[in-house]
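Enquirer: Structure file run-v5.txt (compact mmCIF, C-alpha atoms) right here:
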```txt
# COMPACT_ATOMS: atom_id res chain seq x y z
CA MET A 1 -16.90 -98.59 2.89
CA THR A 2 -18.94 -96.45 0.46
CA ARG A 3 -22.08 -95.04 2.01
CA PRO A 4 -25.31 -95.63 0.04
CA PHE A 5 -26.56 -92.60 -1.83
CA PRO A 6 -29.64 -91.14 -0.11
CA GLU A 7 -33.02 -91.73 -1.73
CA THR A 8 -34.25 -88.34 -0.51
CA ILE A 9 -32.28 -85.10 -0.58
CA TYR A 10 -33.26 -81.71 0.85
CA HIS A 11 -33.03 -78.27 -0.74
CA TYR A 12 -33.09 -75.47 1.85
CA THR A 13 -34.68 -72.23 0.72
CA SER A 14 -36.48 -69.10 1.87
CA ALA A 15 -40.25 -68.59 1.97
CA SER A 16 -40.15 -66.69 -1.35
CA GLY A 17 -37.86 -69.35 -2.84
CA LEU A 18 -40.31 -72.10 -1.86
CA ARG A 19 -43.22 -70.23 -3.43
CA GLY A 20 -41.26 -69.64 -6.63
CA ILE A 21 -40.23 -73.30 -6.99
CA LEU A 22 -43.68 -74.72 -6.27
CA SER A 23 -45.50 -72.26 -8.53
CA SER A 24 -43.15 -72.50 -11.53
CA GLY A 25 -41.46 -75.89 -11.29
CA ILE A 26 -38.18 -74.07 -11.97
CA LEU A 27 -34.90 -74.76 -10.17
CA TYR A 28 -31.87 -72.45 -10.18
CA PHE A 29 -28.45 -73.98 -10.91
CA THR A 30 -25.78 -71.48 -9.86
CA ASP A 31 -22.49 -71.00 -11.70
CA SER A 32 -19.88 -72.82 -9.60
CA GLN A 33 -17.58 -69.78 -9.69
CA PHE A 34 -20.11 -67.83 -7.60
CA LEU A 35 -20.80 -70.28 -4.75
CA ASN A 36 -20.08 -69.62 -1.07
CA ASP A 37 -16.71 -71.42 -1.01
CA ARG A 38 -14.24 -69.17 -2.83
CA SER A 39 -11.87 -72.10 -3.26
CA GLU A 40 -14.41 -74.06 -5.33
CA ARG A 41 -12.55 -76.46 -7.67
CA LYS A 42 -9.21 -74.76 -6.93
CA ASN A 43 -9.13 -76.75 -3.69
CA PHE A 44 -8.91 -80.00 -5.64
CA TYR A 45 -6.44 -78.91 -8.32
CA GLN A 46 -4.05 -77.52 -5.72
CA MET A 47 -4.10 -80.93 -4.01
CA LEU A 48 -3.47 -82.59 -7.39
CA ALA A 49 -0.51 -80.29 -8.12
CA ASP A 50 1.00 -81.02 -4.69
CA ARG A 51 0.51 -84.76 -5.08
CA LEU A 52 2.13 -84.85 -8.55
CA ASN A 53 5.39 -83.51 -7.09
CA GLY A 54 6.25 -87.00 -5.91
CA TRP A 55 4.82 -88.93 -8.83
CA GLU A 56 6.61 -91.00 -11.47
CA PRO A 57 8.40 -88.62 -13.90
CA ASP A 58 6.79 -89.37 -17.29
CA LEU A 59 3.20 -89.36 -16.04
CA LYS A 60 3.91 -86.37 -13.81
CA GLU A 61 5.16 -84.38 -16.82
CA VAL A 62 2.10 -85.28 -18.92
CA LEU A 63 -0.43 -84.46 -16.20
CA THR A 64 1.34 -81.27 -15.11
CA HIS A 65 1.30 -79.93 -18.66
CA ARG A 66 -2.30 -81.05 -19.20
CA TYR A 67 -3.72 -79.35 -16.12
CA PHE A 68 -1.35 -76.57 -15.12
CA SER A 69 0.23 -75.15 -18.28
CA LYS A 70 -0.87 -71.74 -19.58
CA GLN A 71 -2.76 -73.46 -22.42
CA SER A 72 -4.73 -75.74 -20.07
CA PRO A 73 -8.54 -75.41 -20.37
CA VAL A 74 -8.74 -76.36 -16.70
CA ARG A 75 -6.54 -73.43 -15.75
CA ARG A 76 -8.65 -71.10 -17.91
CA SER A 77 -11.91 -72.25 -16.34
CA LEU A 78 -10.55 -71.71 -12.81
CA ALA A 79 -9.18 -68.24 -13.50
CA MET A 80 -12.48 -66.52 -14.50
CA GLU A 81 -10.34 -64.51 -16.91
CA ASN A 82 -12.38 -63.91 -20.04
CA PRO A 83 -16.11 -64.57 -20.58
CA ALA A 84 -15.44 -64.42 -24.35
CA ASP A 85 -13.33 -67.61 -24.19
CA GLU A 86 -15.74 -69.95 -25.99
CA GLN A 87 -13.84 -73.09 -24.94
CA ALA A 88 -13.90 -72.35 -21.19
CA SER A 89 -15.82 -74.89 -19.11
CA ARG A 90 -18.89 -73.88 -17.12
CA TYR A 91 -20.51 -75.80 -14.25
CA PHE A 92 -23.95 -75.04 -12.82
CA VAL A 93 -24.78 -76.39 -9.37
CA LEU A 94 -27.91 -77.23 -7.39
CA SER A 95 -26.98 -77.63 -3.72
CA CYS A 96 -28.99 -79.97 -1.51
CA SER A 97 -28.31 -81.64 1.84
CA GLN A 98 -28.47 -85.12 3.30
CA GLU A 99 -30.01 -83.61 6.44
CA LYS A 100 -33.74 -82.99 6.79
CA ASP A 101 -33.24 -81.03 10.01
CA SER A 102 -29.96 -79.10 10.09
CA LEU A 103 -29.87 -76.22 12.54
CA PRO A 104 -26.91 -74.49 10.76
CA MET A 105 -28.83 -74.69 7.47
CA TRP A 106 -32.00 -73.29 9.07
CA ASN A 107 -29.93 -70.42 10.41
CA TYR A 108 -29.18 -69.29 6.85
CA TYR A 109 -32.87 -68.47 6.42
CA THR A 110 -33.91 -67.42 9.93
CA ARG A 111 -33.51 -63.73 10.64
CA GLY A 112 -35.96 -63.33 13.51
CA ALA A 113 -38.11 -65.21 16.01
CA ARG A 114 -40.98 -65.56 13.51
CA ALA A 115 -38.91 -66.14 10.39
CA ALA A 116 -38.11 -69.60 9.09
CA GLY A 117 -36.79 -71.25 6.00
CA TYR A 118 -38.12 -74.39 4.41
CA ASN A 119 -36.62 -77.42 2.78
CA ILE A 120 -38.02 -79.25 -0.20
CA HIS A 121 -37.76 -83.04 -0.24
CA PHE A 122 -36.61 -84.37 -3.60
CA SER A 123 -36.56 -87.93 -4.80
CA ALA A 124 -32.92 -87.98 -5.93
CA ARG A 125 -33.55 -90.60 -8.61
CA ALA A 126 -36.61 -88.85 -10.07
CA LEU A 127 -34.90 -85.46 -10.13
CA VAL A 128 -31.79 -86.74 -11.93
CA GLU A 129 -33.92 -88.69 -14.42
CA GLN A 130 -35.92 -85.57 -15.28
CA LEU A 131 -32.74 -83.56 -15.73
CA GLN A 132 -31.19 -86.20 -17.98
CA ALA A 133 -34.29 -86.16 -20.20
CA HIS A 134 -34.61 -82.37 -20.40
CA PRO A 135 -34.08 -81.14 -24.00
CA LEU A 136 -32.09 -78.11 -22.85
CA ILE A 137 -29.61 -80.33 -20.99
CA GLN A 138 -29.02 -82.29 -24.16
CA THR A 139 -28.39 -79.02 -26.04
CA ILE A 140 -25.97 -77.25 -23.68
CA ASN A 141 -24.32 -80.20 -22.04
CA CYS A 142 -20.84 -81.60 -22.34
CA GLN A 143 -20.43 -85.28 -21.50
CA PRO A 144 -21.25 -86.62 -19.00
CA ARG A 145 -24.61 -84.86 -18.93
CA ILE A 146 -25.23 -84.73 -15.17
CA LEU A 147 -22.85 -85.14 -12.23
CA CYS A 148 -24.36 -86.06 -8.89
CA GLY A 149 -22.64 -86.93 -5.62
CA ARG A 150 -21.72 -86.21 -2.03
CA VAL A 151 -19.37 -83.35 -1.28
CA LEU A 152 -16.16 -84.31 0.57
CA TYR A 153 -14.86 -82.00 3.32
CA GLN A 154 -12.32 -83.81 5.49
CA MET A 155 -8.72 -83.65 4.26
CA GLU A 156 -8.01 -87.32 4.95
CA GLU A 157 -11.04 -88.45 2.96
CA LYS A 158 -10.16 -86.16 0.05
CA GLU A 159 -6.51 -87.30 -0.01
CA GLN A 160 -7.49 -90.97 0.05
CA SER A 161 -9.92 -90.46 -2.82
CA LEU A 162 -7.32 -88.65 -4.94
CA GLU A 163 -4.55 -91.13 -4.11
CA GLY A 164 -6.74 -94.06 -5.15
CA LEU A 165 -7.53 -92.46 -8.50
CA LEU A 166 -3.89 -91.59 -9.22
CA GLN A 167 -2.77 -95.12 -8.39
CA GLU A 168 -5.36 -96.52 -10.80
CA ILE A 169 -4.29 -94.15 -13.60
CA SER A 170 -0.61 -94.90 -12.98
CA GLN A 171 -1.13 -98.66 -13.10
CA LYS A 172 -3.00 -98.47 -16.43
CA TRP A 173 -0.38 -96.05 -17.81
CA ARG A 174 2.41 -98.55 -17.11
CA GLN A 175 0.49 -101.53 -18.45
CA GLU A 176 -0.22 -100.13 -21.91
CA LYS A 177 2.14 -97.83 -23.82
CA SER A 178 0.23 -97.37 -27.10
CA GLY A 179 -0.57 -93.76 -27.95
CA GLN A 180 -4.26 -94.38 -28.63
CA TYR A 181 -4.79 -96.18 -25.32
CA ARG A 182 -2.99 -93.48 -23.35
CA ARG A 183 -5.03 -90.72 -25.04
CA GLN A 184 -8.21 -92.53 -24.03
CA LEU A 185 -6.87 -92.97 -20.51
CA LEU A 186 -6.13 -89.24 -20.23
CA THR A 187 -9.66 -88.41 -21.42
CA GLN A 188 -11.03 -90.69 -18.70
CA ALA A 189 -8.72 -88.98 -16.19
CA ASP A 190 -10.06 -85.57 -17.31
CA GLN A 191 -13.60 -86.66 -16.49
CA ALA A 192 -12.64 -88.22 -13.17
CA PHE A 193 -10.64 -85.17 -12.04
CA GLU A 194 -13.41 -82.87 -13.19
CA LYS A 195 -15.96 -84.67 -11.06
CA MET A 196 -13.67 -84.76 -8.04
CA SER A 197 -12.94 -81.04 -8.32
CA LEU A 198 -16.65 -80.24 -8.16
CA PHE A 199 -17.18 -82.32 -5.03
CA TYR A 200 -14.29 -81.09 -2.83
CA LYS A 201 -15.03 -78.25 -0.41
CA ASP A 202 -13.25 -76.66 2.52
CA GLN A 203 -13.97 -78.46 5.79
CA ALA A 204 -15.40 -75.20 7.21
CA PHE A 205 -18.56 -76.07 5.26
CA ALA A 206 -18.84 -79.65 6.58
CA HIS A 207 -22.05 -78.87 8.50
CA GLU A 208 -23.89 -78.54 5.17
CA LYS A 209 -23.51 -82.26 4.37
CA GLU A 210 -24.07 -81.25 0.78
CA ILE A 211 -25.39 -83.39 -2.03
CA ARG A 212 -24.60 -81.65 -5.29
CA ILE A 213 -26.12 -81.93 -8.76
CA VAL A 214 -23.97 -80.36 -11.49
CA ILE A 215 -24.70 -79.51 -15.12
CA PRO A 216 -21.46 -79.23 -17.16
CA SER A 217 -21.35 -76.96 -20.21
CA ASP A 218 -19.03 -74.44 -21.87
CA ASN A 219 -19.19 -70.83 -22.93
CA ARG A 220 -19.91 -71.64 -26.57
CA ARG A 221 -23.08 -73.55 -25.69
CA ILE A 222 -24.18 -71.05 -23.04
CA HIS A 223 -23.66 -68.07 -25.35
CA SER A 224 -25.80 -69.73 -28.04
CA LEU A 225 -28.90 -69.41 -25.81
CA PRO A 226 -31.36 -66.53 -26.37
CA ALA A 227 -30.33 -63.26 -24.72
CA SER A 228 -33.81 -62.30 -23.46
CA ASP A 229 -34.45 -62.89 -19.75
CA ASN A 230 -38.00 -63.92 -20.59
CA GLU A 231 -36.87 -66.66 -22.95
CA SER A 232 -33.39 -67.73 -21.94
CA PRO A 233 -32.70 -70.26 -19.20
CA TYR A 234 -29.34 -68.50 -18.70
CA ARG A 235 -29.93 -65.52 -16.43
CA PHE A 236 -28.44 -63.28 -13.74
CA ARG A 237 -29.69 -62.46 -10.26
CA GLU A 238 -28.45 -60.16 -7.55
CA VAL A 239 -26.88 -61.83 -4.52
CA ARG A 240 -25.51 -59.41 -1.91
CA GLY A 241 -25.00 -56.84 -4.65
CA ALA A 242 -23.17 -59.18 -7.05
CA GLN A 243 -24.57 -60.29 -10.42
CA VAL A 244 -24.59 -64.10 -10.28
CA PRO A 245 -25.09 -66.24 -13.44
CA TYR A 246 -27.42 -69.22 -13.20
CA LEU A 247 -29.52 -71.64 -15.24
CA ALA A 248 -33.29 -71.66 -14.67
CA LEU A 249 -34.65 -75.10 -15.58
CA ASP A 250 -38.28 -76.16 -15.54
CA VAL A 251 -37.70 -79.74 -14.47
CA LEU A 252 -40.14 -80.39 -11.65
CA GLU A 253 -42.94 -82.73 -12.57
CA LYS A 254 -45.57 -82.35 -9.85
CA GLY A 255 -45.72 -85.25 -7.42
CA ARG A 256 -42.69 -87.01 -8.85
CA ALA A 257 -39.47 -85.18 -7.98
CA ILE A 258 -40.94 -83.17 -5.06
CA ILE A 259 -42.24 -85.54 -2.41
CA GLY A 260 -42.50 -83.27 0.64
CA VAL A 261 -41.68 -80.02 2.41
CA THR A 262 -40.42 -79.26 5.92
CA ALA A 263 -41.11 -75.92 7.59
CA GLY A 264 -38.17 -74.79 9.71
CA PRO A 265 -38.19 -73.73 13.36
CA ALA A 266 -40.83 -71.02 13.89
CA LEU A 267 -43.02 -69.78 16.73
CA ASP A 268 -46.13 -70.54 14.70
CA ALA A 269 -45.22 -73.90 13.19
CA GLU A 270 -48.86 -74.94 12.74
CA MET A 271 -49.59 -71.92 10.55
CA ALA A 272 -46.41 -72.43 8.52
CA VAL A 273 -47.35 -76.05 7.77
CA LYS A 274 -50.96 -75.22 6.93
CA GLY A 275 -49.89 -72.45 4.56
CA VAL A 276 -47.64 -74.82 2.60
CA GLU A 277 -50.42 -77.43 2.46
CA TYR A 278 -52.72 -74.87 0.85
CA MET A 279 -49.94 -73.84 -1.53
CA LEU A 280 -49.23 -77.43 -2.61
CA TYR A 281 -52.93 -78.08 -3.21
CA TYR A 282 -53.38 -74.86 -5.20
CA TYR A 283 -50.41 -75.59 -7.47
CA GLY A 284 -51.64 -79.11 -8.19
CA PHE A 285 -49.40 -81.33 -6.10
CA PRO A 286 -50.91 -84.65 -4.94
CA GLN A 287 -51.83 -84.94 -1.28
CA THR A 288 -49.18 -87.62 -0.90
CA CYS A 289 -46.73 -84.69 -0.90
CA LYS A 290 -46.45 -84.27 2.88
CA VAL A 291 -45.59 -81.21 4.98
CA SER A 292 -43.93 -81.40 8.40
CA ALA A 293 -42.52 -78.90 10.89
CA VAL A 294 -39.43 -78.83 13.04
CA PRO A 295 -40.09 -77.80 16.67
CA LEU A 296 -38.68 -74.45 17.76
CA ARG A 297 -35.37 -74.87 19.61
CA TYR A 298 -33.74 -72.35 21.91
```
So, in terms of C-alpha cells, how does the structure I just supplied come out?
Expert:
Amino acid sequence: MTRPFPETIYHYTSASGLRGILSSGILYFTDSQFLNDRSERKNFYQMLADRLNGWEPDLKEVLTHRYFSKQSPVRRSLAMENPADEQASRYFVLSCSQEKDSLPMWNYYTRGARAAGYNIHFSARALVEQLQAHPLIQTINCQPRILCGRVLYQMEEKEQSLEGLLQEISQKWRQEKSGQYRRQLLTQADQAFEKMSLFYKDQAFAHEKEIRIVIPSDNRRIHSLPASDNESPYRFREVRGAQVPYLALDVLEKGRAIIGVTAGPALDAEMAVKGVEYMLYYYGFPQTCKVSAVPLRY
C-alpha cells in the first residue's frame, strides 16, 4: 500500500543556515553528483543492468543499448567525465526529512553540549507550487520540471518498484509493435527510470527518511546562466574542502512555504526558541509561523 505523501517536510540545517534561509528566502539545491551517498543514481542503474540480464531478448537489447552503451547520455551523466558536454544531464537536489525529531539528523549539526541544529518546516505543496512557478525553473528545466518523492533504501522495496515498472514496460512493448508507439514508450521509460534513479539510496542512509525535491536540467542550460556569483543562481561553495556546485533559488514566500521551525536538542532550549521567534518577526514572517524545541536527551 502506498503511503500518503506528508503535508509537512523538514529541512535540517545549522544555525547559520537557518539565518541565511530566513533572511534571504533562498534555498540551495545541491548537484546530485556531490551528495553524501557516492553511489547516487549509480545504485539504481546497476540494479537495472542486473535485472535486464534475465529479460526478454528484444527489449533487453534495446534497453541495454539505450542506457549502457558508450553513446548513452545516462552513462555520460553518471561518469562526471566532461563539464563541457553540453548534453549531459544535471540534477539539483533539496534534501528534507519526514521526521520532525530525528536524533541522527540532529547529530549532523551538534558538535558540543551547547550546539544545536534546527529544522525548517515546509508545506510540501506550497514549496513545490512556488518552484513550479519560478521563472528560472522554466528557463533551465528539462521536462518534467520538478521531481518530488520519498527516497527508497531497503533492497526489497527497491527491487519490487523496479520489477513493477519493467513488467509494465514489457507488457506495453508486446502489445504494440509500431515504431512510433515504441519510441514514445521508451521516452516514458526514460522519465520513469530517471525519477527512480534519483530516489534510490544505500540502506546505510535509511535513518534520514529523506524526502527529496529535484530540479532536472542539463549543461547547456546551466552554462547559459550569468557567470557572476552576484547574479547567477548557479554557484559553488566549499564543503569539506571540495568545490560543490549548487543552485541558489529565491523561492520562499514568507508565511506560505515556511510554516515553522524546530530548535534541536540544546542545554538552553528556551533561549534558542526565543532567538528564532525574534528572527522570524524581524524578517517579516507571520506569527502563525511557530517555533518549538526538542528536549535535551542524554
Enquirer: Mind checking which residues fall within 10 Å of region 163-168 of chain A, counting all atoms listed in the file, ignoring those fewer than 5 positions away in the same chain, and posting them as a PDB file with C-alpha atoms, in the frame of the given file?
Expert:
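Below is the file that was written, out.pdb:
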```pdb
ATOM      1  CA  LEU A  48      -3.470 -82.590  -7.390  1.00  0.00           C
ATOM      2  CA  ARG A  51       0.510 -84.760  -5.080  1.00  0.00           C
ATOM      3  CA  LEU A  52       2.130 -84.850  -8.550  1.00  0.00           C
ATOM      4  CA  TRP A  55       4.820 -88.930  -8.830  1.00  0.00           C
ATOM      5  CA  GLU A 157     -11.040 -88.450   2.960  1.00  0.00           C
ATOM      6  CA  LYS A 158     -10.160 -86.160   0.050  1.00  0.00           C
ATOM      7  CA  TRP A 173      -0.380 -96.050 -17.810  1.00  0.00           C
ATOM      8  CA  ALA A 189      -8.720 -88.980 -16.190  1.00  0.00           C
ATOM      9  CA  ALA A 192     -12.640 -88.220 -13.170  1.00  0.00           C
ATOM     10  CA  PHE A 193     -10.640 -85.170 -12.040  1.00  0.00           C
ATOM     11  CA  MET A 196     -13.670 -84.760  -8.040  1.00  0.00           C
TER      12      MET A 196
END
```
Enquirer: Would you work out the distance separating CA of Glu277 (chain A) from CA of Ala133 (chain A), expressed in Å to one decimal?
Expert: 29.2 Å
Enquirer: Between CA of Lys274 (chain A) and CA of Ala124 (chain A), what is the distance, to one decimal in Å?
Expert: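 It comes out at 25.6 Å.
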Enquirer: Counting only C-alpha atoms, which residue out of A:His223, A:Ser170, A:Val261, A:Phe5 sits closest to Asp58 (chain A)?
Expert: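 Closest to Asp58 (chain A) of all the choices is A:Ser170.
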Enquirer: So what do you get for CA of Ser32 (chain A) versus CA of Val244 (chain A), distance-wise?
Expert: 9.9 Å
Enquirer: Find the residues near Thr288 (chain A): any atom within 9 Å, counting only C-alpha atoms, skip ones fewer than 3 places away on the same chain, and give them as number ranges by chain.
Expert: A: 255, 259-260, 285
Enquirer: Store the residues picked out above in a file with C-alpha atoms, as a PDB file, keeping the file's coordinate frame.
Expert:
```
ATOM      1  CA  GLY A 255     -45.720 -85.250  -7.420  1.00  0.00           C
ATOM      2  CA  ILE A 259     -42.240 -85.540  -2.410  1.00  0.00           C
ATOM      3  CA  GLY A 260     -42.500 -83.270   0.640  1.00  0.00           C
ATOM      4  CA  PHE A 285     -49.400 -81.330  -6.100  1.00  0.00           C
TER       5      PHE A 285
END
```
Enquirer: Identify, on the basis of only C-alpha atoms, every residue whose closest approach to region 7-12 of chain A does not exceed 12 Å; exclude the query and any residue fewer than 2 positions from it along the same chain; express the result as a ChimeraX atom specification.
Expert: /A:4-5,14-18,21,27-29,94-110,116-128,148-150,208-213,256-264
Enquirer: Could you pull out every residue with an atom within 12 Å of (-52.6, -77.2, -8.8), file coordinates, counting only C-alpha atoms, and send them as a ChimeraX atom specification?
Expert: /A:22-25,253-255,277-287
Enquirer: Which residue gives the smallest distance to Ser232 (chain A) among A:Met47, A:Leu136, A:Leu162, A:Ala88, with only C-alpha atoms counted?
Expert: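 Of the candidates, the smallest distance to Ser232 (chain A) is held by A:Leu136.
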Enquirer: Give the answer as one residue: which of A:Asn141, A:Gln46, A:Gln154, A:Thr187 has the shortest atom-to-atom distance to Val214 (chain A), using only C-alpha atoms?
Expert: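 Closest residue, counting only C-alpha atoms: A:Asn141.
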Enquirer: Find the residues near Lys42 (chain A): any atom within 10 Å, counting only C-alpha atoms, skip ones fewer than 6 places away on the same chain, and give them as a list in words.
Expert: Leu48, Val74, Arg75, Leu78, Ala79, Ser197, Leu198, Tyr200 and Lys201 of chain A
Enquirer: Write out as a tab-separated table (two decimals) with C-alpha atoms, keeping the file's coordinate frame which residues come within 12 Å of Val239 (chain A) when counting all atoms listed in the file, dropping same-chain ones fewer than 4 positions away.
Expert:
```tsv
chain	number	residue	atom	x	y	z
A	30	THR	CA	-25.78	-71.48	-9.86
A	34	PHE	CA	-20.11	-67.83	-7.60
A	35	LEU	CA	-20.80	-70.28	-4.75
A	36	ASN	CA	-20.08	-69.62	-1.07
A	243	GLN	CA	-24.57	-60.29	-10.42
A	244	VAL	CA	-24.59	-64.10	-10.28
A	245	PRO	CA	-25.09	-66.24	-13.44
A	246	TYR	CA	-27.42	-69.22	-13.20
```
Enquirer: Place a sphere of radius 12 Å on (-26.5, -78.9, -25.2) in the file coordinates and name every protein, DNA or RNA residue with an atom inside or on its surface, counting all atoms listed in the file; give the answer as a list in words.
Expert: Gln132, Ala133, His134, Pro135, Leu136, Ile137, Gln138, Thr139, Ile140, Asn141, Cys142, Gln143, Pro144, Arg145, Ile146, Ile215, Pro216, Ser217, Asp218, Asn219, Arg220, Arg221, Ile222, His223, Ser224 and Leu225 of chain A
Enquirer: Between A:Ile169, A:Val276, A:Phe92, A:Asp85, which has the minimum distance to Lys60 (chain A) (counting only C-alpha atoms)?
Expert: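 Nearest candidate to Lys60 (chain A) out of A:Ile169, A:Val276, A:Phe92, A:Asp85: A:Ile169.
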Enquirer: From the options A:Leu247, A:Met155, A:Val93, A:Val294, which residue's atoms come nearest to Gln203 (chain A), counting only C-alpha atoms?
Expert: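 Closest candidate: A:Met155.
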